[in-house]
Amino acid sequence: MKAAVLIAMMVVGLGGRYAQAEVPITHLANSDNWSAFFDGHCYLAEATAFLSFQNKDDFVVMVLFDRNWSLPKYVKGAVAISVGHWTASLKSDGNDQNKLIYIINRNFSVQLFDAMQNSDAINVTVGRALPRPISLIDSKETIEAFRRCAGIPDTPPNPFE
């Protein structure tokens, strides 16, 4: 299953093109539903490759992929994300027929990954579709491995909480 995630992520991340691997792929951590790896960039992907993250210099790219989609060019639809009590809504920054792309700034990514590490599920709702729950059970170490690789810090503790 984990090898399938890695292969799916490489294909999805490259827009469906196969990679000519010049950089070795380093597995950072795995859980039942998530894999973190490095191939020149840091990646975090869930098992079905529906939801994945790739670190860039100053931001994180979130990708939603569904081979059953048939999206027109330049879709600007919203996605709602809920993780425990934390919720957010994003407009897509790009797409292709099967993939929506979201650019996430560092402050947002800190909040998102903090919430993910402290919850059992993330719910992703694309447009008017039903929410798609994705398990986060036993994924804390895998998410932490991605954060360390990507340089995404934890939120500093609040002494009043």
# chains A, B, ... in the order shown; residues from 1 in each chain; ligands from 1
call {"tool": "residues_around", "arguments": {"residues": "Asp57 of chain A", "least_positions_apart": "2", "cutoff": "12 Å", "atoms": "only C-alpha atoms", "output": "list in words"}}
result
Gly40, His41, Cys42, Gln54, Asn55, Phe59, Val60, Val61, Ile103, Ile104, Asn105, Arg106, Cys149, Ala150, Gly151 and Ile152 of chain A
call {"tool": "write_last_selection", "arguments": {"atoms": "C-alpha atoms", "output": "PDB file, in the first residue's frame"}}
result
ATOM      1  CA  GLY A  40      14.366  17.148  -3.518  1.00  0.00           C
ATOM      2  CA  HIS A  41      11.094  18.445  -2.015  1.00  0.00           C
ATOM      3  CA  CYS A  42       9.248  17.272   1.077  1.00  0.00           C
ATOM      4  CA  GLN A  54       4.411  19.435  -1.198  1.00  0.00           C
ATOM      5  CA  ASN A  55       6.742  21.919   0.433  1.00  0.00           C
ATOM      6  CA  PHE A  59       4.674  27.976   0.990  1.00  0.00           C
ATOM      7  CA  VAL A  60       3.054  24.552   0.816  1.00  0.00           C
ATOM      8  CA  VAL A  61       1.125  23.232  -2.173  1.00  0.00           C
ATOM      9  CA  ILE A 103      -1.142  27.472  -2.376  1.00  0.00           C
ATOM     10  CA  ILE A 104      -0.947  27.633   1.419  1.00  0.00           C
ATOM     11  CA  ASN A 105       1.137  30.262   3.203  1.00  0.00           C
ATOM     12  CA  ARG A 106       3.341  29.365   6.179  1.00  0.00           C
ATOM     13  CA  CYS A 149      11.642  18.184   6.490  1.00  0.00           C
ATOM     14  CA  ALA A 150       9.665  21.235   5.331  1.00  0.00           C
ATOM     15  CA  GLY A 151      10.742  23.488   8.219  1.00  0.00           C
ATOM     16  CA  ILE A 152       7.138  24.057   9.357  1.00  0.00           C
TER      17      ILE A 152
END
call {"tool": "residues_around", "arguments": {"residues": "Asp93 of chain A", "least_positions_apart": "4", "cutoff": "8 Å", "atoms": "only C-alpha atoms", "output": "PyMOL selection string"}}
result
chain A and resi 76+100-103
call {"tool": "closest_atom_pairs", "arguments": {"of": "segment 39-109 of chain A", "to": "segment 126-139 of chain A", "cutoff": "12 Å", "atoms": "only C-alpha atoms", "output": "CSV"}}
result
residue,atom,partner,partner_atom,distance
A:Leu44,CA,A:Ser139,CA,10.6
A:Ala45,CA,A:Ser139,CA,10.9
A:Glu46,CA,A:Ile134,CA,8.0
A:Ala47,CA,A:Ile134,CA,9.3
A:Thr48,CA,A:Ile134,CA,9.5
A:Ala49,CA,A:Ile134,CA,10.8
A:Phe50,CA,A:Ile134,CA,9.2
A:Leu51,CA,A:Ile134,CA,8.7
A:Ser52,CA,A:Ile134,CA,11.5
A:Val63,CA,A:Val126,CA,11.9
A:Leu64,CA,A:Val126,CA,9.0
A:Phe65,CA,A:Val126,CA,10.9
A:Asp66,CA,A:Val126,CA,11.0
A:Trp69,CA,A:Val126,CA,11.2
A:Leu71,CA,A:Gly127,CA,11.9
A:Val75,CA,A:Gly127,CA,10.7
A:Lys76,CA,A:Gly127,CA,9.9
A:Gly77,CA,A:Gly127,CA,6.1
A:Ala78,CA,A:Gly127,CA,5.6
A:Val79,CA,A:Val126,CA,4.5
A:Ala80,CA,A:Val126,CA,6.5
A:Ile81,CA,A:Val126,CA,8.8
A:Ser82,CA,A:Pro133,CA,9.3
A:Val83,CA,A:Leu136,CA,9.6
A:Gly84,CA,A:Leu136,CA,10.9
A:Ser89,CA,A:Val126,CA,9.8
A:Leu90,CA,A:Val126,CA,9.8
A:Lys91,CA,A:Gly127,CA,9.9
A:Ser92,CA,A:Val126,CA,10.2
A:Lys99,CA,A:Val126,CA,11.4
A:Leu100,CA,A:Val126,CA,9.5
A:Ile101,CA,A:Val126,CA,11.9
call {"tool": "select_by_dssp", "arguments": {"residues": "segment 51-153 of chain A", "states": "strand (DSSP E or B)", "output": "PyMOL selection string"}}
result
chain A and resi 51-55+59-65+78-83+86-91+94-96+99-105+121-126+132-135
call {"tool": "closest_residue", "arguments": {"among": "A:Ser35, A:Thr87, A:Ser109, A:Asn30", "to": "Met62 of chain A", "atoms": "only C-alpha atoms"}}
result
A:Ser109
call {"tool": "select_by_dssp", "arguments": {"residues": "segment 55-129 of chain A", "states": "alpha helix (DSSP H)", "output": "ChimeraX atom specification"}}
result
/A:106-117
call {"tool": "residues_around", "arguments": {"residues": "Gln111 of chain A", "least_positions_apart": "5", "cutoff": "9 Å", "atoms": "only C-alpha atoms", "output": "list in words"}}
result
Trp86, Arg106, Met116, Asp154 and Thr155 of chain A
call {"tool": "write_last_selection", "arguments": {"atoms": "C-alpha atoms", "output": "PDB file, in the first residue's frame"}}
result
ATOM      1  CA  TRP A  86     -10.397  24.057  13.184  1.00  0.00           C
ATOM      2  CA  ARG A 106       3.341  29.365   6.179  1.00  0.00           C
ATOM      3  CA  MET A 116      -4.009  17.513  11.907  1.00  0.00           C
ATOM      4  CA  ASP A 154       4.754  23.919  15.741  1.00  0.00           C
ATOM      5  CA  THR A 155       2.676  26.734  17.178  1.00  0.00           C
TER       6      THR A 155
END
call {"tool": "atom_distance", "arguments": {"atom1": "atom CA of Ala115 of chain A", "atom2": "atom CA of Thr142 of chain A"}}
result
14.0 Å
